[in-house]
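> Just one file: protein20.cif, with mmCIF, C-alpha atoms and all ligand atoms.
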data_protein
loop_
_atom_site.label_atom_id
_atom_site.label_comp_id
_atom_site.auth_asym_id
_atom_site.auth_seq_id
_atom_site.Cartn_x
_atom_site.Cartn_y
_atom_site.Cartn_z
CA MET A 4 21.70 -9.20 -84.25
CA GLU A 5 18.79 -11.13 -85.80
CA ASN A 6 16.70 -10.07 -88.80
CA PHE A 7 13.41 -8.56 -87.76
CA ASN A 8 10.02 -7.43 -89.01
CA TYR A 9 8.65 -4.45 -87.09
CA TYR A 10 4.98 -3.79 -87.85
CA THR A 11 3.02 -1.16 -85.92
CA PRO A 12 0.04 -0.03 -88.00
CA THR A 13 -1.89 1.55 -85.10
CA GLN A 14 -2.49 5.30 -85.24
CA ILE A 15 -1.81 6.86 -81.83
CA VAL A 16 -3.73 9.92 -80.70
CA PHE A 17 -2.08 10.97 -77.46
CA GLY A 18 -2.90 13.64 -74.89
CA LYS A 19 -5.49 15.56 -72.93
CA LYS A 20 -9.09 15.31 -74.18
CA SER A 21 -7.99 13.07 -77.05
CA GLU A 22 -11.08 10.88 -76.51
CA GLU A 23 -13.09 13.69 -78.11
CA GLU A 24 -11.53 12.68 -81.44
CA VAL A 25 -13.21 9.27 -81.43
CA GLY A 26 -16.19 10.17 -83.66
CA LYS A 27 -13.87 11.58 -86.29
CA LEU A 28 -11.60 8.53 -86.18
CA VAL A 29 -14.44 6.03 -86.55
CA GLU A 30 -15.89 8.11 -89.40
CA LYS A 31 -12.49 8.05 -91.12
CA ALA A 32 -12.44 4.26 -90.81
CA GLY A 33 -15.60 4.30 -92.96
CA CYS A 34 -17.67 2.23 -90.54
CA LYS A 35 -21.42 2.42 -90.02
CA LYS A 36 -22.23 0.71 -86.74
CA VAL A 37 -20.06 0.40 -83.67
CA LEU A 38 -20.05 -2.00 -80.76
CA ILE A 39 -18.90 -0.02 -77.73
CA HIS A 40 -17.34 -2.65 -75.49
CA TYR A 41 -16.40 -1.90 -71.87
CA GLY A 42 -15.81 -3.39 -68.44
CA SER A 43 -17.54 -3.47 -65.09
CA GLY A 44 -18.51 0.17 -64.86
CA SER A 45 -15.51 2.46 -64.33
CA VAL A 46 -16.20 4.15 -67.69
CA ILE A 47 -19.77 4.89 -66.61
CA LYS A 48 -18.68 6.26 -63.24
CA THR A 49 -16.04 8.54 -64.73
CA GLY A 50 -18.38 9.90 -67.42
CA LEU A 51 -16.09 8.64 -70.20
CA LEU A 52 -18.80 6.52 -71.81
CA ASP A 53 -21.09 9.56 -72.11
CA ARG A 54 -18.33 11.57 -73.77
CA VAL A 55 -17.67 8.74 -76.23
CA ILE A 56 -21.35 8.52 -77.13
CA THR A 57 -21.54 12.30 -77.61
CA SER A 58 -18.57 12.19 -79.98
CA LEU A 59 -20.13 9.35 -82.03
CA ASP A 60 -23.52 11.11 -82.07
CA GLU A 61 -21.91 14.27 -83.44
CA LYS A 62 -20.76 12.26 -86.45
CA GLY A 63 -24.06 10.41 -86.80
CA ILE A 64 -22.48 7.04 -86.09
CA ALA A 65 -24.83 4.33 -84.79
CA TYR A 66 -23.77 2.12 -81.88
CA VAL A 67 -24.75 -0.73 -79.57
CA LEU A 68 -23.36 -1.25 -76.09
CA LEU A 69 -21.90 -4.30 -74.41
CA GLY A 70 -20.35 -3.94 -70.95
CA GLY A 71 -19.42 -6.54 -68.37
CA VAL A 72 -15.85 -7.48 -69.34
CA VAL A 73 -13.97 -8.63 -66.23
CA PRO A 74 -10.20 -8.86 -65.70
CA ASN A 75 -9.07 -12.18 -67.23
CA PRO A 76 -11.85 -11.70 -69.83
CA ARG A 77 -14.23 -14.60 -70.26
CA LEU A 78 -15.08 -16.58 -73.37
CA SER A 79 -18.81 -16.61 -72.56
CA LEU A 80 -19.04 -12.81 -72.98
CA VAL A 81 -17.04 -13.07 -76.22
CA TYR A 82 -19.71 -15.45 -77.57
CA GLN A 83 -22.43 -12.97 -76.54
CA GLY A 84 -20.55 -10.16 -78.28
CA ILE A 85 -20.23 -12.16 -81.50
CA GLU A 86 -24.00 -12.86 -81.53
CA LEU A 87 -24.81 -9.22 -80.85
CA CYS A 88 -22.48 -7.95 -83.59
CA LYS A 89 -23.95 -10.34 -86.14
CA LYS A 90 -27.54 -9.49 -85.18
CA GLU A 91 -26.89 -5.74 -85.24
CA GLN A 92 -24.61 -5.80 -88.29
CA VAL A 93 -21.80 -4.13 -86.39
CA ASP A 94 -18.75 -3.35 -88.53
CA PHE A 95 -16.44 -1.73 -85.96
CA ILE A 96 -15.59 -2.51 -82.34
CA LEU A 97 -14.59 0.29 -80.00
CA ALA A 98 -12.84 -0.98 -76.88
CA VAL A 99 -13.17 1.52 -74.02
CA GLY A 100 -11.06 0.18 -71.18
CA GLY A 101 -7.92 -1.79 -70.49
CA GLY A 102 -6.28 -4.95 -71.76
CA SER A 103 -9.23 -7.12 -70.79
CA VAL A 104 -11.72 -5.05 -72.78
CA ILE A 105 -9.37 -4.77 -75.75
CA ASP A 106 -8.69 -8.52 -75.74
CA SER A 107 -12.38 -9.33 -75.50
CA SER A 108 -12.95 -6.96 -78.45
CA LYS A 109 -10.27 -8.68 -80.50
CA ALA A 110 -11.81 -12.09 -79.80
CA ILE A 111 -15.25 -10.83 -80.78
CA GLY A 112 -13.69 -9.33 -83.92
CA TYR A 113 -12.25 -12.74 -84.84
CA GLY A 114 -15.55 -14.47 -84.10
CA VAL A 115 -17.50 -12.15 -86.38
CA ALA A 116 -15.02 -12.33 -89.26
CA ASN A 117 -14.34 -16.09 -89.22
CA GLU A 118 -16.54 -19.18 -89.36
CA GLY A 119 -16.62 -21.74 -86.54
CA ASP A 120 -15.75 -21.60 -82.85
CA VAL A 121 -13.53 -18.64 -81.93
CA TRP A 122 -11.93 -20.66 -79.09
CA ASP A 123 -10.13 -22.74 -81.75
CA PHE A 124 -7.77 -19.78 -82.25
CA TYR A 125 -6.88 -19.74 -78.56
CA ALA A 126 -6.65 -23.54 -78.36
CA LYS A 127 -4.35 -23.20 -81.37
CA THR A 128 -6.18 -25.74 -83.51
CA ARG A 129 -6.84 -23.11 -86.24
CA VAL A 130 -5.53 -19.64 -87.09
CA PRO A 131 -7.74 -16.61 -87.76
CA GLU A 132 -7.90 -15.28 -91.30
CA ALA A 133 -9.54 -11.93 -90.57
CA CYS A 134 -10.82 -9.64 -87.83
CA ILE A 135 -13.28 -6.77 -88.01
CA PRO A 136 -11.65 -3.36 -87.35
CA ILE A 137 -11.01 -2.34 -83.78
CA GLY A 138 -10.35 1.04 -82.15
CA VAL A 139 -9.27 1.67 -78.57
CA ILE A 140 -9.77 4.30 -75.89
CA LEU A 141 -7.31 3.19 -73.23
CA THR A 142 -8.09 3.70 -69.54
CA ILE A 143 -5.19 1.81 -67.92
CA ALA A 144 -1.55 1.69 -68.96
CA ALA A 145 -0.58 -1.95 -68.63
CA ALA A 146 -1.17 -4.75 -71.12
CA GLY A 147 -0.07 -2.91 -74.26
CA SER A 148 -2.89 -4.62 -76.15
CA GLU A 149 -3.66 -1.28 -77.84
CA MET A 150 -0.59 -1.78 -80.05
CA SER A 151 0.06 -5.51 -79.76
CA ASN A 152 -0.99 -8.36 -82.02
CA SER A 153 -2.19 -10.51 -79.14
CA SER A 154 -5.24 -11.17 -77.04
CA VAL A 155 -5.70 -13.43 -74.03
CA ILE A 156 -9.03 -15.04 -73.16
CA THR A 157 -10.12 -17.26 -70.27
CA ASN A 158 -12.33 -20.24 -71.02
CA GLU A 159 -14.52 -20.94 -67.98
CA ASN A 160 -14.70 -24.54 -69.13
CA GLY A 161 -11.52 -25.79 -67.42
CA TRP A 162 -10.37 -22.26 -66.48
CA LEU A 163 -7.81 -22.16 -69.23
CA LYS A 164 -6.29 -18.78 -70.04
CA ARG A 165 -4.89 -18.80 -73.55
CA GLY A 166 -3.50 -16.29 -76.03
CA CYS A 167 -3.82 -15.81 -79.77
CA ASN A 168 -1.36 -13.73 -81.81
CA SER A 169 -2.14 -12.41 -85.26
CA ASP A 170 -1.69 -9.09 -87.03
CA TYR A 171 -5.34 -9.05 -88.14
CA CYS A 172 -6.44 -7.84 -84.70
CA ARG A 173 -4.12 -4.81 -84.51
CA ALA A 174 -6.09 -1.72 -83.54
CA LYS A 175 -6.72 0.85 -86.27
CA PHE A 176 -6.27 3.61 -83.72
CA ALA A 177 -5.59 3.97 -80.03
CA ILE A 178 -6.56 7.05 -78.06
CA LEU A 179 -4.22 7.57 -75.11
CA ASN A 180 -5.19 10.26 -72.64
CA PRO A 181 -3.08 9.89 -69.47
CA GLU A 182 -5.73 11.81 -67.50
CA LEU A 183 -8.10 8.86 -67.94
CA THR A 184 -5.77 6.70 -65.83
CA MET A 185 -5.95 9.02 -62.80
CA THR A 186 -9.10 7.31 -61.50
CA LEU A 187 -7.35 3.93 -61.21
CA PRO A 188 -6.93 2.39 -57.77
CA GLU A 189 -3.25 2.39 -56.75
CA TYR A 190 -3.10 -1.41 -56.96
CA GLN A 191 -4.19 -1.44 -60.61
CA THR A 192 -1.76 1.35 -61.52
CA MET A 193 1.12 -0.58 -59.99
CA CYS A 194 0.02 -3.87 -61.59
CA GLY A 195 0.14 -1.96 -64.86
CA CYS A 196 3.66 -0.70 -64.22
CA VAL A 197 4.87 -4.25 -63.53
CA ASP A 198 3.26 -5.55 -66.70
CA ILE A 199 4.85 -2.77 -68.77
CA MET A 200 8.29 -3.52 -67.34
CA MET A 201 7.80 -7.23 -67.85
CA HIS A 202 6.90 -6.87 -71.54
CA THR A 203 10.36 -5.42 -72.08
CA MET A 204 12.10 -7.74 -69.61
CA GLU A 205 10.63 -10.78 -71.39
CA ARG A 206 12.15 -9.51 -74.63
CA TYR A 207 15.43 -8.55 -72.95
CA PHE A 208 16.16 -12.01 -71.56
CA THR A 209 16.87 -13.95 -74.69
CA THR A 210 19.63 -16.09 -76.07
CA ALA A 211 19.83 -14.10 -79.33
CA SER A 212 22.92 -11.94 -79.64
CA PRO A 213 21.73 -8.54 -78.49
CA MET A 214 21.52 -5.33 -80.48
CA GLU A 215 23.00 -2.41 -78.55
CA LEU A 216 20.35 0.10 -79.59
CA THR A 217 17.52 -2.24 -78.60
CA ASP A 218 19.20 -3.02 -75.28
CA ARG A 219 19.56 0.64 -74.44
CA ILE A 220 15.96 1.45 -75.38
CA ALA A 221 14.84 -1.50 -73.26
CA GLU A 222 16.96 -0.61 -70.25
CA ASP A 223 15.86 3.00 -70.27
CA LEU A 224 12.21 2.12 -70.77
CA ILE A 225 12.28 -0.03 -67.63
CA ARG A 226 14.09 2.66 -65.67
CA VAL A 227 11.63 5.35 -66.75
CA VAL A 228 8.68 3.20 -65.68
CA MET A 229 10.31 2.47 -62.29
CA LYS A 230 10.98 6.16 -61.69
CA ASN A 231 7.48 7.26 -62.63
CA ALA A 232 5.76 4.42 -60.76
CA LYS A 233 7.33 5.85 -57.59
CA ILE A 234 6.12 9.35 -58.49
CA VAL A 235 2.56 8.20 -59.20
CA LEU A 236 2.50 6.25 -55.95
CA ASN A 237 2.74 9.55 -54.08
CA GLU A 238 1.08 11.83 -56.65
CA PRO A 239 -1.65 9.89 -58.48
CA ASP A 240 -2.67 13.02 -60.41
CA ASN A 241 0.78 13.79 -61.79
CA TYR A 242 0.04 14.12 -65.53
CA GLU A 243 3.65 14.00 -66.71
CA ALA A 244 4.36 10.79 -64.79
CA ARG A 245 1.11 9.19 -65.97
CA ALA A 246 2.02 10.17 -69.55
CA GLU A 247 5.50 8.62 -69.32
CA ILE A 248 4.00 5.36 -68.03
CA MET A 249 1.23 5.30 -70.62
CA TRP A 250 3.50 5.78 -73.60
CA ALA A 251 5.96 3.25 -72.17
CA GLY A 252 3.07 0.77 -71.96
CA SER A 253 2.41 0.98 -75.67
CA LEU A 254 6.06 0.97 -76.73
CA SER A 255 6.88 -1.90 -74.41
CA HIS A 256 4.55 -4.28 -76.21
CA ASN A 257 4.55 -3.08 -79.81
CA GLY A 258 7.78 -4.90 -80.64
CA LEU A 259 10.19 -1.95 -80.36
CA THR A 260 12.08 -3.36 -77.38
CA GLY A 261 12.50 -6.70 -79.12
CA CYS A 262 13.87 -5.57 -82.50
CA GLY A 263 16.79 -7.77 -83.45
CA THR A 264 16.54 -10.07 -80.45
CA GLU A 265 14.10 -12.58 -81.87
CA GLY A 266 11.03 -12.95 -79.77
CA GLY A 267 12.16 -13.13 -76.17
CA ASP A 268 11.64 -15.58 -73.34
CA TRP A 269 8.00 -15.14 -72.16
CA ALA A 270 8.16 -17.92 -69.53
CA SER A 271 7.06 -15.57 -66.74
CA HIS A 272 3.98 -14.67 -68.78
CA GLN A 273 3.15 -18.32 -69.41
CA LEU A 274 3.58 -19.06 -65.70
CA GLU A 275 1.34 -16.12 -64.79
CA HIS A 276 -1.38 -16.99 -67.26
CA GLU A 277 -2.05 -20.25 -65.41
CA LEU A 278 -2.24 -18.34 -62.11
CA GLY A 279 -4.70 -15.91 -63.71
CA GLY A 280 -6.77 -18.75 -65.16
CA MET A 281 -6.93 -20.78 -61.92
CA PHE A 282 -6.95 -18.08 -59.23
CA ASP A 283 -8.22 -15.00 -61.11
CA VAL A 284 -5.33 -12.80 -59.90
CA ALA A 285 -4.44 -9.46 -61.51
CA HIS A 286 -1.96 -10.09 -64.32
CA GLY A 287 0.71 -7.59 -63.21
CA ALA A 288 0.63 -8.79 -59.60
CA GLY A 289 0.97 -12.40 -60.77
CA LEU A 290 4.02 -11.45 -62.81
CA ALA A 291 5.65 -9.69 -59.85
CA ALA A 292 5.00 -12.74 -57.65
CA ILE A 293 6.60 -15.23 -60.03
CA TRP A 294 9.44 -13.28 -61.69
CA ALA A 295 12.22 -13.66 -59.09
CA SER A 296 11.57 -17.39 -58.74
CA TRP A 297 11.89 -17.74 -62.53
CA ALA A 298 14.99 -15.51 -62.60
CA ARG A 299 16.83 -17.46 -59.89
CA TYR A 300 15.96 -20.75 -61.58
CA VAL A 301 17.26 -19.81 -65.05
CA MET A 302 19.98 -17.27 -64.19
CA ASP A 303 22.92 -19.64 -64.58
CA ALA A 304 21.97 -20.31 -68.20
CA ASP A 305 22.86 -16.69 -69.09
CA VAL A 306 24.47 -15.11 -66.09
CA LYS A 307 26.17 -12.38 -68.16
CA ARG A 308 22.81 -11.08 -69.33
CA PHE A 309 21.44 -11.03 -65.79
CA ALA A 310 24.58 -9.20 -64.65
CA GLN A 311 24.14 -6.59 -67.42
CA PHE A 312 20.53 -6.11 -66.35
CA ALA A 313 21.64 -5.67 -62.74
CA ARG A 314 24.23 -3.02 -63.59
CA ASN A 315 22.39 -1.08 -66.29
CA VAL A 316 18.85 -1.21 -64.92
CA MET A 317 19.04 -1.94 -61.20
CA GLU A 318 22.15 0.17 -60.51
CA CYS A 319 24.08 -2.70 -58.94
CA PRO A 320 27.83 -2.04 -58.76
CA ASP A 321 30.05 -3.96 -61.16
CA THR A 322 31.99 -6.26 -58.81
CA GLY A 323 33.57 -8.14 -61.69
CA ASN A 324 31.70 -11.24 -60.54
CA ASP A 325 28.77 -11.81 -62.90
CA LYS A 326 26.94 -14.22 -60.64
CA GLU A 327 27.11 -11.96 -57.61
CA ASP A 328 25.90 -9.03 -59.69
CA ALA A 329 23.10 -11.08 -61.25
CA ILE A 330 21.83 -11.97 -57.78
CA CYS A 331 22.12 -8.33 -56.74
CA GLY A 332 19.86 -7.38 -59.68
CA ILE A 333 17.19 -9.94 -58.83
CA GLU A 334 17.14 -8.87 -55.19
CA ALA A 335 16.98 -5.20 -56.19
CA MET A 336 13.99 -5.91 -58.42
CA GLU A 337 12.26 -7.68 -55.54
CA ARG A 338 12.88 -4.65 -53.34
CA PHE A 339 11.47 -2.40 -56.06
CA TYR A 340 8.31 -4.50 -56.42
CA SER A 341 7.86 -4.43 -52.63
CA SER A 342 8.34 -0.66 -52.61
CA ILE A 343 5.38 -0.21 -54.97
CA ASN A 344 3.29 -2.65 -52.91
CA MET A 345 3.47 -5.50 -55.40
CA PRO A 346 3.76 -9.12 -54.21
CA ILE A 347 7.03 -11.02 -54.55
CA SER A 348 5.67 -14.46 -53.64
CA LEU A 349 2.50 -16.46 -54.18
CA SER A 350 1.49 -16.00 -50.56
CA GLU A 351 1.85 -12.23 -50.88
CA LEU A 352 -0.27 -12.54 -54.02
CA GLY A 353 -2.92 -14.12 -51.83
CA VAL A 354 -2.63 -17.54 -53.42
CA GLU A 355 -1.78 -20.66 -51.44
CA PRO A 356 -2.09 -23.60 -53.83
CA LYS A 357 -2.59 -27.07 -52.42
CA GLU A 358 -0.06 -29.71 -53.47
CA GLU A 359 -2.35 -31.04 -56.21
CA GLN A 360 -2.86 -27.49 -57.49
CA TYR A 361 0.90 -27.04 -57.96
CA THR A 362 0.81 -30.16 -60.08
CA GLU A 363 -2.20 -28.86 -61.99
CA LEU A 364 -0.50 -25.51 -62.64
CA ALA A 365 2.55 -27.28 -64.06
CA GLU A 366 0.38 -29.65 -66.11
CA LYS A 367 -1.61 -26.81 -67.64
CA CYS A 368 1.39 -24.57 -68.23
CA SER A 369 3.27 -27.32 -70.05
CA PHE A 370 0.14 -28.21 -72.05
CA PHE A 371 0.12 -31.52 -70.15
CA GLY A 372 3.78 -32.19 -70.86
CA LYS A 373 3.53 -31.42 -74.58
CA ARG A 374 5.54 -28.17 -74.61
CA THR A 375 8.43 -26.47 -72.91
CA ILE A 376 8.32 -22.76 -72.13
CA GLY A 377 11.03 -20.10 -72.16
CA VAL A 378 14.16 -19.50 -74.16
CA VAL A 379 16.92 -18.55 -71.71
CA LYS A 380 16.38 -22.05 -70.36
CA LYS A 381 13.78 -24.34 -71.87
CA LEU A 382 11.53 -25.32 -68.99
CA THR A 383 9.83 -28.69 -68.77
CA LYS A 384 6.80 -29.57 -66.68
CA GLU A 385 9.16 -30.54 -63.82
CA ASP A 386 11.02 -27.21 -64.01
CA ILE A 387 7.73 -25.32 -64.10
CA TYR A 388 6.54 -27.16 -61.00
CA LYS A 389 9.72 -26.18 -59.13
CA ILE A 390 9.45 -22.52 -60.13
CA TYR A 391 5.89 -22.37 -58.80
CA LYS A 392 6.97 -24.14 -55.60
CA ASN A 393 9.97 -21.84 -55.11
CA ALA A 394 7.62 -18.85 -55.47
CA GLN A 395 5.40 -19.89 -52.56
O1 LIG B 1 -13.90 -3.09 -65.60
P1 LIG B 1 -13.70 -1.71 -65.08
O2 LIG B 1 -14.80 -1.23 -64.22
O3 LIG B 1 -13.33 -0.73 -66.17
O4 LIG B 1 -12.43 -1.79 -64.06
C1 LIG B 1 -11.12 -2.11 -64.50
C2 LIG B 1 -10.63 -3.46 -64.00
O5 LIG B 1 -11.24 -3.81 -62.80
C3 LIG B 1 -10.18 -1.16 -63.83
N1 LIG B 1 -9.98 0.06 -64.58
C4 LIG B 1 -9.49 0.20 -65.83
N2 LIG B 1 -9.35 1.50 -66.13
C5 LIG B 1 -9.79 2.20 -65.06
C6 LIG B 1 -10.21 1.29 -64.07
N3 LIG B 1 -10.68 1.70 -62.87
C7 LIG B 1 -10.77 3.03 -62.65
N4 LIG B 1 -10.36 3.95 -63.55
C8 LIG B 1 -9.86 3.58 -64.75
N5 LIG B 1 -9.42 4.51 -65.62
O6 LIG B 1 -8.94 -1.84 -63.79
C9 LIG B 1 -9.18 -3.24 -63.68
C10 LIG B 1 -8.21 -3.98 -64.59
O7 LIG B 1 -8.50 -3.78 -65.95
P2 LIG B 1 -7.89 -4.76 -67.04
O8 LIG B 1 -8.38 -4.34 -68.37
O9 LIG B 1 -8.11 -6.17 -66.64
O10 LIG B 1 -6.32 -4.44 -66.89
P3 LIG B 1 -5.12 -4.71 -67.84
O11 LIG B 1 -5.00 -3.64 -68.86
O12 LIG B 1 -3.98 -4.96 -66.96
O13 LIG B 1 -5.47 -6.03 -68.65
C11 LIG B 1 -5.19 -7.29 -68.14
C12 LIG B 1 -5.51 -8.37 -69.13
O14 LIG B 1 -4.70 -8.21 -70.32
C13 LIG B 1 -4.02 -9.45 -70.59
C14 LIG B 1 -3.82 -10.00 -69.22
O15 LIG B 1 -3.50 -11.37 -69.25
C15 LIG B 1 -5.17 -9.74 -68.58
O16 LIG B 1 -6.12 -10.69 -68.97
N6 LIG B 1 -2.82 -9.19 -71.38
C16 LIG B 1 -3.00 -8.86 -72.66
C17 LIG B 1 -1.92 -8.63 -73.51
C18 LIG B 1 -2.12 -8.31 -74.93
N7 LIG B 1 -3.33 -8.47 -75.44
O17 LIG B 1 -1.19 -7.92 -75.66
C19 LIG B 1 -0.54 -8.74 -73.04
C20 LIG B 1 -0.39 -8.82 -71.57
O18 LIG B 1 0.79 -9.52 -71.27
C21 LIG B 1 -1.52 -9.48 -70.85
O19 LIG B 1 -1.36 -10.89 -70.84
ZN ZN B 2 1.71 -8.86 -69.67
#
Could you write out this structure as structure tokens?


Amino acid sequence: MENFNYYTPTQIVFGKKSEEEVGKLVEKAGCKKVLIHYGSGSVIKTGLLDRVITSLDEKGIAYVLLGGVVPNPRLSLVYQGIELCKKEQVDFILAVGGGSVIDSSKAIGYGVANEGDVWDFYAKTRVPEACIPIGVILTIAAAGSEMSNSSVITNENGWLKRGCNSDYCRAKFAILNPELTMTLPEYQTMCGCVDIMMHTMERYFTTASPMELTDRIAEDLIRVVMKNAKIVLNEPDNYEARAEIMWAGSLSHNGLTGCGTEGGDWASHQLEHELGGMFDVAHGAGLAAIWASWARYVMDADVKRFAQFARNVMECPDTGNDKEDAICGIEAMERFYSSINMPISLSELGVEPKEEQYTELAEKCSFFGKRTIGVVKKLTKEDIYKIYKNAQ
């Protein structure tokens, strides 16, 4: 077991009608003017935005609005948000939406609180030293950004999708009402389930000596999400199932399932981020499409771990042959992804890169040969290229 530092300062307000608490929570944060940041319109259609405004009005809290965040949130809107916040003297950002809206809010928060170009933090040439406070009303269980220290932004100049991790951006509060996720299209719900599972799987596949408690939490979290994804597929309005998935989404990315295992692998996420940047695919679907190719490529480096995953999570029988069991687990996960209508190849994802695009993906993902990705097996540009190719 490794030493660890588990930091989760976000207050969670969970349950039906919890969005009505938002005025009180912003008031408690002592802020005067809020930027309400949202996406392409679902929050208007569902009436959520009106309810948020009513709650702020009741507490006499001023606000300005900025919508238009798209999945794989863009840097250009972040710049607009920074300008608006400075002009309007905004001191709190309320993200009403999913991971894209929350990440855009975090980037705006950095831009307002730090001098210079905010992209530097994503290009990793500087680190942020502050962020203005952020609150969240979550409408999709997926990215876990409501409790994570990260944000991921796409720069249209070169279509680079890059992340920035820092504790400054952690949300002050996150309002989680599972009912709000019932209006999601099935595809987005299932993308979310994959992402939630993957945040724990990335932490699970590691070379650090595992901690039994963390392993068991991780294995059960994945199993609970799989079970409830199947329920929601048939009963989109099942509150209990939506609630299980939503809480799993936050716990899966707040560090809990990585305590004592030092970081995790994260190669599948790095591989997906390039797909998202170049082809604008949904994050969860991109992860489902690439995972098995990654798993088959690296499996031999830690076959015991893959065998444990197969037996404890995917219910593969223990044949006594780790390699056989590991393969059983990967195939079972592919079958699961297919059963919830998620892609298990790039072509099923709707992406058919040309030869030069495979090279470009590998170039970008390896930072043009300057970094390796992954921990189970450190992957070079050449390895990355093969994993993309094997996923076609
Ligand atoms: O924009 P609107 O109209 O709201 O539509 C959204 C969007 O099209 C829709 N939606 C959300 N809630 C809805 C709804 N539609 C109907 N009813 C609702 N209740 O769903 C679509 C997807 O939303 P998005 O915010 O993009 O989804 P998600 O939460 O999956 O976020 C994905 C982004 O988060 C990043 C991903 O890379 C991607 O850019 N990630 C962020 C992480 C973090 N900050 O910790 C970690 C993750 O690994 C991930 O990389
Ligand atoms: Zn993710």

> Tell me, as a ChimeraX atom specification, which residues lie within 8 Å of stretch 240-255 of chain A, counting all atoms listed in the file; anything in the same chain fewer than 6 positions away does not count.

/A:143-150,179-182,184-185,196,199-200,202-203,224,227-228,231-232,234

> Between atom CA of A:Thr209 and atom CA of A:Gln395, what is the spacing in Å?

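A separation of 25.6 Å between them.
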
> Please determine, counting all atoms listed in the file, which residue among A:Tyr190, A:Tyr66, A:Tyr41, A:Trp294 has the shortest atom-to-atom distance to ligand ZN 2 (chain B).

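Of all the options, A:Trp294 lies closest to ligand ZN 2 (chain B).
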
> Considering all atoms listed in the file, state which residue in the set A:Gly372, A:Gly287, A:Gly101, A:Pro131 is at the smallest distance from ligand LIG 1 (chain B).

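Using all atoms listed in the file, ligand LIG 1 (chain B) sits closest to A:Gly101.
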
> What is the atom CA of A:Asp123-atom CA of A:Lys373 distance in Å, reported with one decimal?

17.7 Å

> Counting only C-alpha atoms and all ligand atoms, which protein, DNA or RNA residues come within 6 Å of ligand LIG 1 (chain B), given as JSON, numbers by chain?

{"A": [42, 43, 44, 45, 46, 73, 74, 75, 76, 100, 101, 102, 103, 104, 106, 142, 143, 145, 146, 147, 148, 151, 153, 154, 155, 183, 184, 186, 187, 191, 195, 286]}

> Atoms to include: C-alpha atoms. Write the selected residues as a short mmCIF file (atom, residue, chain, number, x, y, z; two decimals), keeping the file's coordinate frame.


data_model
loop_
_atom_site.label_atom_id
_atom_site.label_comp_id
_atom_site.auth_asym_id
_atom_site.auth_seq_id
_atom_site.Cartn_x
_atom_site.Cartn_y
_atom_site.Cartn_z
CA GLY A 42 -15.81 -3.39 -68.44
CA SER A 43 -17.54 -3.47 -65.09
CA GLY A 44 -18.51 0.17 -64.86
CA SER A 45 -15.51 2.46 -64.33
CA VAL A 46 -16.20 4.15 -67.69
CA VAL A 73 -13.97 -8.63 -66.23
CA PRO A 74 -10.20 -8.86 -65.70
CA ASN A 75 -9.07 -12.18 -67.23
CA PRO A 76 -11.85 -11.70 -69.83
CA GLY A 100 -11.06 0.18 -71.18
CA GLY A 101 -7.92 -1.79 -70.49
CA GLY A 102 -6.28 -4.95 -71.76
CA SER A 103 -9.23 -7.12 -70.79
CA VAL A 104 -11.72 -5.05 -72.78
CA ASP A 106 -8.69 -8.52 -75.74
CA THR A 142 -8.09 3.70 -69.54
CA ILE A 143 -5.19 1.81 -67.92
CA ALA A 145 -0.58 -1.95 -68.63
CA ALA A 146 -1.17 -4.75 -71.12
CA GLY A 147 -0.07 -2.91 -74.26
CA SER A 148 -2.89 -4.62 -76.15
CA SER A 151 0.06 -5.51 -79.76
CA SER A 153 -2.19 -10.51 -79.14
CA SER A 154 -5.24 -11.17 -77.04
CA VAL A 155 -5.70 -13.43 -74.03
CA LEU A 183 -8.10 8.86 -67.94
CA THR A 184 -5.77 6.70 -65.83
CA THR A 186 -9.10 7.31 -61.50
CA LEU A 187 -7.35 3.93 -61.21
CA GLN A 191 -4.19 -1.44 -60.61
CA GLY A 195 0.14 -1.96 -64.86
CA HIS A 286 -1.96 -10.09 -64.32
#

> Name all residues at most 9 Å from A:Tyr113 (count only C-alpha atoms; drop same-chain ones fewer than 4 positions away) and give them as a PDB file with C-alpha atoms, in the coordinates of the input.


ATOM      1  CA  ILE A  85     -20.230 -12.160 -81.500  1.00  0.00           C
ATOM      2  CA  SER A 108     -12.950  -6.960 -78.450  1.00  0.00           C
ATOM      3  CA  LYS A 109     -10.270  -8.680 -80.500  1.00  0.00           C
ATOM      4  CA  ASN A 117     -14.340 -16.090 -89.220  1.00  0.00           C
ATOM      5  CA  GLU A 118     -16.540 -19.180 -89.360  1.00  0.00           C
ATOM      6  CA  VAL A 121     -13.530 -18.640 -81.930  1.00  0.00           C
ATOM      7  CA  PHE A 124      -7.770 -19.780 -82.250  1.00  0.00           C
ATOM      8  CA  PRO A 131      -7.740 -16.610 -87.760  1.00  0.00           C
ATOM      9  CA  GLU A 132      -7.900 -15.280 -91.300  1.00  0.00           C
ATOM     10  CA  ALA A 133      -9.540 -11.930 -90.570  1.00  0.00           C
ATOM     11  CA  CYS A 134     -10.820  -9.640 -87.830  1.00  0.00           C
ATOM     12  CA  ILE A 135     -13.280  -6.770 -88.010  1.00  0.00           C
ATOM     13  CA  TYR A 171      -5.340  -9.050 -88.140  1.00  0.00           C
ATOM     14  CA  CYS A 172      -6.440  -7.840 -84.700  1.00  0.00           C
TER      15      CYS A 172
END

> So what do you get for atom CA of A:Val37 versus atom CA of A:Asn158, distance-wise?

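Rounded to one decimal, the two atoms are 25.4 Å apart.
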
> Can you pull out every residue within 10 Å of stretch 58-61 of chain A, counting only C-alpha atoms, but drop anything in the same chain fewer than 5 positions away, and send it as an MDAnalysis selection string?

chainID A and resid 22:30 37 52:53 66
